[in-house]
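Text of final_34.pdb, listed as PDB, C-alpha atoms, pLDDT in the B column:
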```pdb
ATOM      1  CA  MET A 347       9.400 -38.231 -27.087  1.00 53.00           C
ATOM      2  CA  ALA A 348      13.133 -37.951 -27.732  1.00 60.00           C
ATOM      3  CA  ASN A 349      15.710 -36.360 -25.423  1.00 87.00           C
ATOM      4  CA  ILE A 350      13.503 -36.211 -22.348  1.00 96.00           C
ATOM      5  CA  LYS A 351      15.206 -34.709 -19.320  1.00 98.00           C
ATOM      6  CA  ARG A 352      14.466 -36.957 -16.336  1.00 98.00           C
ATOM      7  CA  ILE A 353      15.503 -34.962 -13.276  1.00 98.00           C
ATOM      8  CA  CYS A 354      16.008 -36.741  -9.958  1.00 98.00           C
ATOM      9  CA  LEU A 355      16.219 -34.377  -7.016  1.00 98.00           C
ATOM     10  CA  TRP A 356      17.862 -36.283  -4.150  1.00 97.00           C
ATOM     11  CA  SER A 357      16.939 -34.330  -1.047  1.00 94.00           C
ATOM     12  CA  GLY A 358      17.031 -34.633   2.681  1.00 88.00           C
ATOM     13  CA  PRO A 359      13.845 -33.644   4.540  1.00 84.00           C
ATOM     14  CA  ARG A 360      12.896 -29.989   5.213  1.00 84.00           C
ATOM     15  CA  ASN A 361      15.198 -28.819   2.412  1.00 87.00           C
ATOM     16  CA  ILE A 362      12.909 -26.610   0.231  1.00 92.00           C
ATOM     17  CA  SER A 363      12.412 -29.683  -1.978  1.00 93.00           C
ATOM     18  CA  THR A 364       8.660 -29.048  -2.189  1.00 93.00           C
ATOM     19  CA  ALA A 365       9.231 -25.405  -3.122  1.00 93.00           C
ATOM     20  CA  LEU A 366      11.574 -26.581  -5.891  1.00 97.00           C
ATOM     21  CA  MET A 367       8.921 -29.030  -7.071  1.00 94.00           C
ATOM     22  CA  TYR A 368       6.406 -26.160  -7.180  1.00 95.00           C
ATOM     23  CA  SER A 369       8.945 -24.040  -9.026  1.00 96.00           C
ATOM     24  CA  PHE A 370       9.492 -26.622 -11.770  1.00 98.00           C
ATOM     25  CA  ALA A 371       5.743 -27.247 -11.965  1.00 96.00           C
ATOM     26  CA  GLN A 372       5.307 -23.708 -13.309  1.00 97.00           C
ATOM     27  CA  ARG A 373       7.134 -24.668 -16.507  1.00 98.00           C
ATOM     28  CA  GLU A 374       4.856 -25.627 -19.379  1.00 97.00           C
ATOM     29  CA  ASP A 375       7.412 -28.207 -20.552  1.00 97.00           C
ATOM     30  CA  THR A 376       7.603 -29.986 -17.193  1.00 98.00           C
ATOM     31  CA  LYS A 377       5.646 -32.584 -15.210  1.00 98.00           C
ATOM     32  CA  VAL A 378       6.485 -33.086 -11.529  1.00 97.00           C
ATOM     33  CA  PHE A 379       6.265 -36.199  -9.338  1.00 97.00           C
ATOM     34  CA  ASP A 380       6.193 -36.068  -5.539  1.00 95.00           C
ATOM     35  CA  GLU A 381       8.351 -38.701  -3.787  1.00 95.00           C
ATOM     36  CA  PRO A 382       7.323 -41.740  -5.872  1.00 97.00           C
ATOM     37  CA  LEU A 383       9.544 -44.066  -3.769  1.00 97.00           C
ATOM     38  CA  TYR A 384       7.914 -43.159  -0.432  1.00 94.00           C
ATOM     39  CA  ALA A 385       5.717 -46.274  -0.201  1.00 94.00           C
ATOM     40  CA  TYR A 386       8.623 -48.515  -1.249  1.00 96.00           C
ATOM     41  CA  TYR A 387      10.648 -47.008   1.609  1.00 93.00           C
ATOM     42  CA  LEU A 388       7.897 -47.516   4.190  1.00 92.00           C
ATOM     43  CA  LYS A 389       7.252 -51.086   3.089  1.00 93.00           C
ATOM     44  CA  HIS A 390      10.886 -52.053   3.510  1.00 91.00           C
ATOM     45  CA  HIS A 391      11.621 -49.989   6.608  1.00 85.00           C
ATOM     46  CA  PRO A 392       9.082 -51.137   9.237  1.00 80.00           C
ATOM     47  CA  GLU A 393      10.572 -48.941  11.949  1.00 80.00           C
ATOM     48  CA  ALA A 394      10.005 -45.801   9.858  1.00 79.00           C
ATOM     49  CA  HIS A 395       6.495 -47.035   9.109  1.00 72.00           C
ATOM     50  CA  SER A 396       5.735 -46.784  12.825  1.00 77.00           C
ATOM     51  CA  TYR A 397       6.463 -43.036  13.134  1.00 79.00           C
ATOM     52  CA  HIS A 398       5.900 -41.474   9.705  1.00 83.00           C
ATOM     53  CA  PRO A 399       2.558 -39.598   9.673  1.00 79.00           C
ATOM     54  CA  GLY A 400      -0.009 -41.167   7.357  1.00 82.00           C
ATOM     55  CA  ALA A 401       2.142 -44.239   6.631  1.00 88.00           C
ATOM     56  CA  ASN A 402      -0.767 -46.641   6.120  1.00 91.00           C
ATOM     57  CA  ASP A 403      -2.489 -44.283   3.678  1.00 91.00           C
ATOM     58  CA  ILE A 404       0.749 -43.858   1.721  1.00 91.00           C
ATOM     59  CA  LEU A 405       1.197 -47.618   1.415  1.00 91.00           C
ATOM     60  CA  LYS A 406      -2.371 -48.031   0.181  1.00 93.00           C
ATOM     61  CA  ALA A 407      -2.258 -45.172  -2.312  1.00 93.00           C
ATOM     62  CA  MET A 408       1.153 -45.622  -3.925  1.00 94.00           C
ATOM     63  CA  GLU A 409       3.171 -48.244  -5.767  1.00 97.00           C
ATOM     64  CA  ASN A 410       5.106 -50.304  -3.184  1.00 96.00           C
ATOM     65  CA  ASP A 411       7.470 -51.959  -5.666  1.00 97.00           C
ATOM     66  CA  GLY A 412      10.582 -49.822  -6.125  1.00 97.00           C
ATOM     67  CA  CYS A 413      11.505 -51.513  -9.417  1.00 97.00           C
ATOM     68  CA  LYS A 414       8.111 -50.621 -10.868  1.00 98.00           C
ATOM     69  CA  VAL A 415       8.571 -47.014  -9.748  1.00 98.00           C
ATOM     70  CA  VAL A 416      11.919 -46.869 -11.543  1.00 98.00           C
ATOM     71  CA  GLU A 417      10.309 -48.409 -14.632  1.00 98.00           C
ATOM     72  CA  MET A 418       7.686 -45.650 -14.555  1.00 98.00           C
ATOM     73  CA  MET A 419      10.344 -42.974 -14.215  1.00 98.00           C
ATOM     74  CA  LEU A 420      12.278 -44.246 -17.235  1.00 97.00           C
ATOM     75  CA  SER A 421       9.263 -44.920 -19.460  1.00 97.00           C
ATOM     76  CA  ASN A 422       7.080 -41.869 -18.766  1.00 96.00           C
ATOM     77  CA  ASP A 423       7.169 -39.520 -21.751  1.00 96.00           C
ATOM     78  CA  SER A 424       4.334 -37.147 -20.871  1.00 96.00           C
ATOM     79  CA  LYS A 425       6.476 -33.983 -21.030  1.00 97.00           C
ATOM     80  CA  PRO A 426       9.934 -32.998 -22.320  1.00 97.00           C
ATOM     81  CA  VAL A 427      11.091 -32.427 -18.729  1.00 98.00           C
ATOM     82  CA  LEU A 428      10.175 -34.766 -15.872  1.00 98.00           C
ATOM     83  CA  PHE A 429      11.001 -33.687 -12.319  1.00 98.00           C
ATOM     84  CA  PHE A 430      11.081 -36.445  -9.701  1.00 98.00           C
ATOM     85  CA  LYS A 431      11.349 -35.155  -6.140  1.00 97.00           C
ATOM     86  CA  HIS A 432      12.953 -37.868  -3.993  1.00 96.00           C
ATOM     87  CA  MET A 433      14.168 -38.226  -0.436  1.00 93.00           C
ATOM     88  CA  THR A 434      17.603 -39.859  -0.554  1.00 93.00           C
ATOM     89  CA  HIS A 435      16.788 -42.267   2.275  1.00 89.00           C
ATOM     90  CA  HIS A 436      13.901 -43.676   0.218  1.00 92.00           C
ATOM     91  CA  LEU A 437      16.427 -45.475  -1.994  1.00 94.00           C
ATOM     92  CA  LEU A 438      17.324 -48.126   0.592  1.00 91.00           C
ATOM     93  CA  GLY A 439      18.871 -51.050  -1.334  1.00 90.00           C
ATOM     94  CA  LEU A 440      17.300 -50.233  -4.694  1.00 95.00           C
ATOM     95  CA  ASN A 441      19.481 -50.898  -7.751  1.00 96.00           C
ATOM     96  CA  ARG A 442      20.928 -47.535  -8.778  1.00 96.00           C
ATOM     97  CA  ASP A 443      21.764 -48.290 -12.410  1.00 96.00           C
ATOM     98  CA  PHE A 444      18.875 -46.067 -13.514  1.00 98.00           C
ATOM     99  CA  MET A 445      20.806 -42.994 -12.314  1.00 98.00           C
ATOM    100  CA  LYS A 446      22.938 -43.238 -15.455  1.00 97.00           C
ATOM    101  CA  GLU A 447      19.818 -42.180 -17.367  1.00 97.00           C
ATOM    102  CA  THR A 448      18.710 -39.326 -15.103  1.00 98.00           C
ATOM    103  CA  VAL A 449      19.920 -35.821 -14.281  1.00 98.00           C
ATOM    104  CA  ASN A 450      20.984 -36.089 -10.639  1.00 98.00           C
ATOM    105  CA  ILE A 451      20.795 -33.165  -8.221  1.00 98.00           C
ATOM    106  CA  ILE A 452      21.541 -33.401  -4.509  1.00 98.00           C
ATOM    107  CA  LEU A 453      19.674 -30.848  -2.409  1.00 97.00           C
ATOM    108  CA  THR A 454      21.116 -30.047   0.996  1.00 96.00           C
ATOM    109  CA  ARG A 455      20.578 -27.559   3.813  1.00 94.00           C
ATOM    110  CA  ASP A 456      22.578 -26.395   6.802  1.00 94.00           C
ATOM    111  CA  PRO A 457      21.767 -28.906   9.588  1.00 94.00           C
ATOM    112  CA  GLU A 458      21.534 -26.074  12.119  1.00 94.00           C
ATOM    113  CA  ASP A 459      18.472 -24.903  10.197  1.00 92.00           C
ATOM    114  CA  MET A 460      17.112 -28.258   9.084  1.00 91.00           C
ATOM    115  CA  LEU A 461      17.283 -30.424  12.216  1.00 93.00           C
ATOM    116  CA  PRO A 462      15.026 -28.264  14.463  1.00 91.00           C
ATOM    117  CA  SER A 463      12.459 -28.029  11.656  1.00 87.00           C
ATOM    118  CA  PHE A 464      12.399 -31.790  11.109  1.00 87.00           C
ATOM    119  CA  ASP A 465      12.270 -32.503  14.843  1.00 89.00           C
ATOM    120  CA  LYS A 466       8.937 -30.667  15.067  1.00 86.00           C
ATOM    121  CA  VAL A 467       7.277 -33.411  12.998  1.00 81.00           C
ATOM    122  CA  ILE A 468       9.442 -36.460  13.722  1.00 81.00           C
ATOM    123  CA  HIS A 469      10.991 -36.145  17.162  1.00 86.00           C
ATOM    124  CA  ASN A 470      14.546 -37.218  17.945  1.00 86.00           C
ATOM    125  CA  PRO A 471      15.484 -38.085  14.348  1.00 87.00           C
ATOM    126  CA  THR A 472      18.345 -40.456  13.534  1.00 86.00           C
ATOM    127  CA  PRO A 473      21.219 -39.863  11.063  1.00 87.00           C
ATOM    128  CA  SER A 474      19.460 -42.119   8.539  1.00 82.00           C
ATOM    129  CA  ASP A 475      16.291 -40.003   8.816  1.00 83.00           C
ATOM    130  CA  VAL A 476      18.019 -36.770   7.830  1.00 88.00           C
ATOM    131  CA  GLY A 477      20.185 -38.020   4.987  1.00 85.00           C
ATOM    132  CA  TYR A 478      23.528 -36.186   5.218  1.00 93.00           C
ATOM    133  CA  ALA A 479      25.703 -39.315   5.313  1.00 93.00           C
ATOM    134  CA  LEU A 480      23.540 -40.844   2.573  1.00 93.00           C
ATOM    135  CA  HIS A 481      24.267 -37.850   0.345  1.00 95.00           C
ATOM    136  CA  ILE A 482      28.003 -38.435   0.704  1.00 96.00           C
ATOM    137  CA  GLU A 483      27.449 -42.112  -0.075  1.00 95.00           C
ATOM    138  CA  LEU A 484      25.498 -41.096  -3.170  1.00 96.00           C
ATOM    139  CA  ILE A 485      28.314 -38.805  -4.328  1.00 97.00           C
ATOM    140  CA  ASP A 486      30.752 -41.694  -3.952  1.00 97.00           C
ATOM    141  CA  HIS A 487      28.444 -43.785  -6.157  1.00 97.00           C
ATOM    142  CA  PHE A 488      28.254 -41.054  -8.784  1.00 98.00           C
ATOM    143  CA  LYS A 489      32.040 -40.698  -8.858  1.00 97.00           C
ATOM    144  CA  LYS A 490      32.649 -44.436  -9.045  1.00 97.00           C
ATOM    145  CA  HIS A 491      30.333 -44.810 -12.038  1.00 97.00           C
ATOM    146  CA  ASN A 492      31.215 -41.498 -13.750  1.00 97.00           C
ATOM    147  CA  ILE A 493      27.668 -40.171 -13.337  1.00 98.00           C
ATOM    148  CA  PRO A 494      27.396 -36.372 -13.578  1.00 97.00           C
ATOM    149  CA  PHE A 495      25.778 -34.667 -10.593  1.00 98.00           C
ATOM    150  CA  THR A 496      25.565 -31.351  -8.833  1.00 97.00           C
ATOM    151  CA  VAL A 497      24.735 -30.137  -5.341  1.00 97.00           C
ATOM    152  CA  LEU A 498      22.233 -27.405  -4.580  1.00 97.00           C
ATOM    153  CA  ASP A 499      22.356 -25.613  -1.241  1.00 96.00           C
ATOM    154  CA  ALA A 500      18.967 -24.443   0.034  1.00 95.00           C
ATOM    155  CA  LYS A 501      20.289 -21.229   1.591  1.00 94.00           C
ATOM    156  CA  LYS A 502      21.903 -20.120  -1.688  1.00 95.00           C
ATOM    157  CA  VAL A 503      18.624 -20.671  -3.530  1.00 96.00           C
ATOM    158  CA  LEU A 504      16.683 -18.630  -0.989  1.00 95.00           C
ATOM    159  CA  ASP A 505      19.265 -15.827  -1.047  1.00 95.00           C
ATOM    160  CA  ASP A 506      19.086 -15.460  -4.849  1.00 96.00           C
ATOM    161  CA  PRO A 507      16.503 -17.742  -6.519  1.00 97.00           C
ATOM    162  CA  LYS A 508      16.886 -16.380 -10.047  1.00 97.00           C
ATOM    163  CA  HIS A 509      20.676 -16.661 -10.127  1.00 97.00           C
ATOM    164  CA  ASN A 510      20.802 -20.146  -8.628  1.00 97.00           C
ATOM    165  CA  LEU A 511      17.891 -21.563 -10.624  1.00 98.00           C
ATOM    166  CA  THR A 512      19.523 -20.227 -13.771  1.00 98.00           C
ATOM    167  CA  LYS A 513      22.718 -22.098 -12.879  1.00 97.00           C
ATOM    168  CA  LEU A 514      20.683 -25.204 -12.128  1.00 98.00           C
ATOM    169  CA  CYS A 515      18.887 -25.016 -15.472  1.00 98.00           C
ATOM    170  CA  ASN A 516      22.243 -24.625 -17.207  1.00 98.00           C
ATOM    171  CA  PHE A 517      23.422 -27.828 -15.536  1.00 97.00           C
ATOM    172  CA  ILE A 518      20.243 -29.624 -16.632  1.00 97.00           C
ATOM    173  CA  GLU A 519      20.637 -28.110 -20.120  1.00 97.00           C
ATOM    174  CA  ILE A 520      17.209 -26.519 -20.249  1.00 97.00           C
ATOM    175  CA  PRO A 521      16.449 -22.793 -20.559  1.00 97.00           C
ATOM    176  CA  PHE A 522      15.643 -20.893 -17.390  1.00 98.00           C
ATOM    177  CA  ASP A 523      11.982 -19.869 -17.213  1.00 98.00           C
ATOM    178  CA  GLY A 524      11.040 -16.810 -15.159  1.00 97.00           C
ATOM    179  CA  LYS A 525       7.769 -18.516 -14.215  1.00 97.00           C
ATOM    180  CA  MET A 526       9.818 -20.732 -11.870  1.00 98.00           C
ATOM    181  CA  LEU A 527      10.165 -17.848  -9.417  1.00 97.00           C
ATOM    182  CA  SER A 528       6.519 -17.656  -8.300  1.00 96.00           C
ATOM    183  CA  TRP A 529       3.328 -19.668  -7.976  1.00 95.00           C
ATOM    184  CA  THR A 530      -0.209 -19.333  -6.671  1.00 93.00           C
ATOM    185  CA  PRO A 531      -0.538 -20.043  -2.913  1.00 92.00           C
ATOM    186  CA  GLN A 532      -2.450 -23.335  -2.940  1.00 92.00           C
ATOM    187  CA  GLN A 533      -2.099 -27.092  -2.942  1.00 89.00           C
ATOM    188  CA  ARG A 534      -1.058 -28.870  -6.138  1.00 88.00           C
ATOM    189  CA  GLU A 535      -2.677 -31.953  -7.582  1.00 89.00           C
ATOM    190  CA  GLU A 536       0.750 -33.636  -7.618  1.00 91.00           C
ATOM    191  CA  ASP A 537       1.136 -33.266  -3.829  1.00 85.00           C
ATOM    192  CA  GLY A 538       1.588 -36.529  -1.994  1.00 82.00           C
ATOM    193  CA  ILE A 539      -1.161 -37.451   0.448  1.00 88.00           C
ATOM    194  CA  TRP A 540       1.299 -36.605   3.227  1.00 84.00           C
ATOM    195  CA  ALA A 541       1.094 -32.915   2.275  1.00 82.00           C
ATOM    196  CA  LYS A 542      -1.197 -32.074   5.203  1.00 87.00           C
ATOM    197  CA  TYR A 543       1.597 -33.038   7.611  1.00 81.00           C
ATOM    198  CA  TRP A 544       4.505 -31.310   5.869  1.00 80.00           C
ATOM    199  CA  TYR A 545       3.496 -28.692   3.269  1.00 86.00           C
ATOM    200  CA  ALA A 546       1.575 -26.015   5.202  1.00 85.00           C
ATOM    201  CA  SER A 547       4.167 -23.291   4.666  1.00 87.00           C
ATOM    202  CA  VAL A 548       4.564 -24.046   0.939  1.00 89.00           C
ATOM    203  CA  HIS A 549       0.796 -23.946   0.421  1.00 91.00           C
ATOM    204  CA  LYS A 550       0.775 -20.427   1.874  1.00 91.00           C
ATOM    205  CA  SER A 551       3.742 -19.242  -0.171  1.00 92.00           C
ATOM    206  CA  SER A 552       3.840 -17.580  -3.582  1.00 94.00           C
ATOM    207  CA  GLY A 553       7.562 -18.087  -4.193  1.00 93.00           C
ATOM    208  CA  PHE A 554      10.877 -18.773  -2.478  1.00 94.00           C
ATOM    209  CA  LEU A 555      10.889 -17.078   0.921  1.00 88.00           C
ATOM    210  CA  LYS A 556      13.962 -15.035   1.774  1.00 88.00           C
ATOM    211  CA  TYR A 557      16.350 -16.905   4.072  1.00 88.00           C
ATOM    212  CA  LYS A 558      16.047 -15.939   7.726  1.00 84.00           C
ATOM    213  CA  PRO A 559      18.370 -17.274  10.440  1.00 84.00           C
ATOM    214  CA  LYS A 560      16.671 -19.191  13.233  1.00 82.00           C
ATOM    215  CA  GLU A 561      15.746 -16.960  16.170  1.00 84.00           C
ATOM    216  CA  ASN A 562      15.323 -19.740  18.727  1.00 87.00           C
ATOM    217  CA  PRO A 563      18.416 -21.395  20.248  1.00 92.00           C
ATOM    218  CA  PHE A 564      19.410 -24.744  18.771  1.00 93.00           C
ATOM    219  CA  PRO A 565      17.728 -27.586  20.761  1.00 93.00           C
ATOM    220  CA  GLU A 566      20.220 -29.255  23.078  1.00 94.00           C
ATOM    221  CA  HIS A 567      18.800 -32.713  22.487  1.00 95.00           C
ATOM    222  CA  LEU A 568      19.878 -32.437  18.826  1.00 95.00           C
ATOM    223  CA  ASP A 569      23.492 -31.460  19.586  1.00 95.00           C
ATOM    224  CA  GLU A 570      24.917 -34.953  19.046  1.00 95.00           C
ATOM    225  CA  LEU A 571      23.058 -35.372  15.783  1.00 95.00           C
ATOM    226  CA  LEU A 572      24.336 -31.980  14.616  1.00 96.00           C
ATOM    227  CA  LYS A 573      27.923 -33.075  15.324  1.00 96.00           C
ATOM    228  CA  LYS A 574      27.395 -36.135  13.113  1.00 95.00           C
ATOM    229  CA  CYS A 575      25.751 -34.200  10.284  1.00 95.00           C
ATOM    230  CA  GLN A 576      27.938 -31.088  10.100  1.00 96.00           C
ATOM    231  CA  PRO A 577      31.067 -32.727   8.574  1.00 96.00           C
ATOM    232  CA  HIS A 578      28.938 -34.280   5.827  1.00 96.00           C
ATOM    233  CA  TYR A 579      27.276 -30.953   5.078  1.00 96.00           C
ATOM    234  CA  ASP A 580      30.675 -29.256   4.860  1.00 96.00           C
ATOM    235  CA  LYS A 581      31.765 -31.848   2.278  1.00 96.00           C
ATOM    236  CA  LEU A 582      28.577 -31.342   0.280  1.00 96.00           C
ATOM    237  CA  LEU A 583      29.183 -27.591   0.055  1.00 95.00           C
ATOM    238  CA  LYS A 584      32.416 -28.258  -1.843  1.00 95.00           C
ATOM    239  CA  TYR A 585      30.296 -29.530  -4.770  1.00 96.00           C
ATOM    240  CA  ALA A 586      27.563 -26.901  -4.574  1.00 95.00           C
ATOM    241  CA  LEU A 587      26.627 -24.750  -7.572  1.00 92.00           C
TER     242      LEU A 587
END
```
Would you write out, as structure tokens, the structure that this file holds?
Amino acid sequence: MANIKRICLWSGPRNISTALMYSFAQREDTKVFDEPLYAYYLKHHPEAHSYHPGANDILKAMENDGCKVVEMMLSNDSKPVLFFKHMTHHLLGLNRDFMKETVNIILTRDPEDMLPSFDKVIHNPTPSDVGYALHIELIDHFKKHNIPFTVLDAKKVLDDPKHNLTKLCNFIEIPFDGKMLSWTPQQREEDGIWAKYWYASVHKSSGFLKYKPKENPFPEHLDELLKKCQPHYDKLLKYAL
């Protein structure tokens, strides 16, 4: 199948990445893939293996070899548009040459909103867990190798899904499809086996939920992490659609 669009969404955790995956899954021309590098990451990051929920099941169920995952991504021709949802920290030391053949989108979210949400599942996260510095590193890679990219800010998407998804589709060079704005509240067959730990709110949703500021005060124990993440987030916003 010629001219396949292979979309790589490079996200941090708790960044509406699953909602975006559900959104693209509504397109008849698109097949979605949920974090295909997760097992590779766990295999080569033993410390993360010790605290990620369901780690052993993930390692058993998924391809552990990152090179084979990349080969699958570049050879799959099942649909005209392929949407690969990735966490940026899953890359580790993987050769990034394949990014020259993919449409690269960085998904970010205000750390004041993201960090408390992530901390509820994985307590006291580290900078490498949440991915802000890694996103800046990835942008530097894209610039060095003249690889086109864009940045998507979660809050902007939630404030106006149609407008921002239209801009995103224009970047990808595919037509916007109104079906991307809603879905049936349920699990998807493409969900990773970790869905039961992370996807409860998406499974109950029927579309992008309107952004609401956090009502609870920001947790004090995350203050230092916020200070480290905020400058990176501010840089990311400069590239946002």
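Note that CA of Lys556 (chain A) and CA of Asp505 (chain A) are 6.1 Å apart.
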Near-Asp403 (chain A) list (10 Å; only C-alpha atoms; drop same-chain fewer than 6 positions) as a ChimeraX atom specification: /A:385,539-540
query: Pick the closest to Pro507 (chain A) from A:Ile485, A:Leu555, A:Leu420, A:Ala401: which is it, counting only C-alpha atoms?
result: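 Using only C-alpha atoms, Pro507 (chain A) sits closest to A:Leu555.
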Contacts of Arg534 (chain A) at 9 Å (only C-alpha atoms; same-chain gap of 2+ positions) as a list in words: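 Here the answer would be Tyr368, Gln532, Glu536, Asp537 and His549 of chain A.
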Find the residues near region 406-413 of chain A: any atom within 7 Å, counting all atoms listed in the file, skip ones fewer than 2 places away on the same chain, and give them as a CSV table (one decimal) with C-alpha atoms, in the coordinates of the input.
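The resulting result11.csv:
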```
chain,number,residue,atom,x,y,z
A,383,LEU,CA,9.5,-44.1,-3.8
A,385,ALA,CA,5.7,-46.3,-0.2
A,386,TYR,CA,8.6,-48.5,-1.2
A,389,LYS,CA,7.3,-51.1,3.1
A,402,ASN,CA,-0.8,-46.6,6.1
A,403,ASP,CA,-2.5,-44.3,3.7
A,404,ILE,CA,0.7,-43.9,1.7
A,415,VAL,CA,8.6,-47.0,-9.7
A,416,VAL,CA,11.9,-46.9,-11.5
A,417,GLU,CA,10.3,-48.4,-14.6
A,440,LEU,CA,17.3,-50.2,-4.7
```
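With CA of Pro426 (chain A) on one side and CA of Glu374 (chain A) on the other, the separation reads 9.4 Å.
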message: Suppose a student applies the PyMOL selection byres ((chain A and resi 446-458) around 8) to this structure; what residues should they get, written as a PyMOL selection string?
response: chain A and resi 351-358+361+363+420+443-445+459-462+478+481+493-501+518+564+572+575-576+579+582
task: Kindly indicate which residue among A:Lys508, A:Thr364, A:Phe370, A:His491 lies nearest to Ala546 (chain A), using all atoms listed in the file for the distances.
output: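 The shortest atom-to-atom distance to Ala546 (chain A) comes from A:Thr364.
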message: Ranking A:Trp529, A:Tyr543, A:Phe464, A:Phe430 by minimum distance to Pro565 (chain A) and counting only C-alpha atoms, which one comes first?
response: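 The closest residue to Pro565 (chain A) is A:Phe464.
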task: Measure the distance from CA of Val503 (chain A) to CA of Asp375 (chain A) in Å and round it to one decimal.
output: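 Between CA of Val503 (chain A) and CA of Asp375 (chain A) the gap is 21.7 Å.
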- request: For each of A:Lys584, A:Asp423, A:Ser396, A:His435, take the minimum atom-to-atom distance to Leu484 (chain A), counting only C-alpha atoms, then give the residue where this is smallest.
  value: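 The answer is A:His435, which sits nearest to Leu484 (chain A).
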As a compact mmCIF listing (two decimals), keeping the file's coordinate frame, could you write out region 506-522 of chain A once it has been completed with N, CA and C atoms?
```
# COMPACT_ATOMS: atom_id res chain seq x y z
N ASP A 506 19.16 -16.01 -3.49
CA ASP A 506 19.09 -15.46 -4.85
C ASP A 506 18.48 -16.52 -5.78
N PRO A 507 17.15 -16.68 -5.74
CA PRO A 507 16.50 -17.74 -6.52
C PRO A 507 16.80 -17.67 -8.01
N LYS A 508 16.71 -16.48 -8.60
CA LYS A 508 16.89 -16.38 -10.05
C LYS A 508 18.28 -16.82 -10.47
N HIS A 509 19.30 -16.33 -9.78
CA HIS A 509 20.68 -16.66 -10.13
C HIS A 509 20.93 -18.16 -10.00
N ASN A 510 20.50 -18.75 -8.88
CA ASN A 510 20.80 -20.15 -8.63
C ASN A 510 19.95 -21.10 -9.46
N LEU A 511 18.70 -20.73 -9.74
CA LEU A 511 17.89 -21.56 -10.62
C LEU A 511 18.39 -21.49 -12.07
N THR A 512 18.92 -20.34 -12.44
CA THR A 512 19.52 -20.23 -13.77
C THR A 512 20.72 -21.17 -13.90
N LYS A 513 21.56 -21.19 -12.87
CA LYS A 513 22.72 -22.10 -12.88
C LYS A 513 22.26 -23.55 -12.89
N LEU A 514 21.20 -23.84 -12.16
CA LEU A 514 20.68 -25.20 -12.13
C LEU A 514 20.15 -25.61 -13.50
N CYS A 515 19.41 -24.72 -14.13
CA CYS A 515 18.89 -25.02 -15.47
C CYS A 515 20.02 -25.20 -16.48
N ASN A 516 21.08 -24.44 -16.33
CA ASN A 516 22.24 -24.62 -17.21
C ASN A 516 22.84 -26.02 -17.03
N PHE A 517 22.91 -26.47 -15.79
CA PHE A 517 23.42 -27.83 -15.54
C PHE A 517 22.52 -28.88 -16.19
N ILE A 518 21.20 -28.68 -16.06
CA ILE A 518 20.24 -29.62 -16.63
C ILE A 518 20.22 -29.56 -18.16
N GLU A 519 20.66 -28.41 -18.68
CA GLU A 519 20.64 -28.11 -20.12
C GLU A 519 19.21 -27.87 -20.61
N ILE A 520 18.51 -27.03 -19.84
CA ILE A 520 17.21 -26.52 -20.25
C ILE A 520 17.23 -25.01 -20.02
N PRO A 521 16.44 -24.24 -20.77
CA PRO A 521 16.45 -22.79 -20.56
C PRO A 521 15.78 -22.42 -19.24
N PHE A 522 16.31 -21.41 -18.58
CA PHE A 522 15.64 -20.89 -17.39
C PHE A 522 14.31 -20.26 -17.80
```
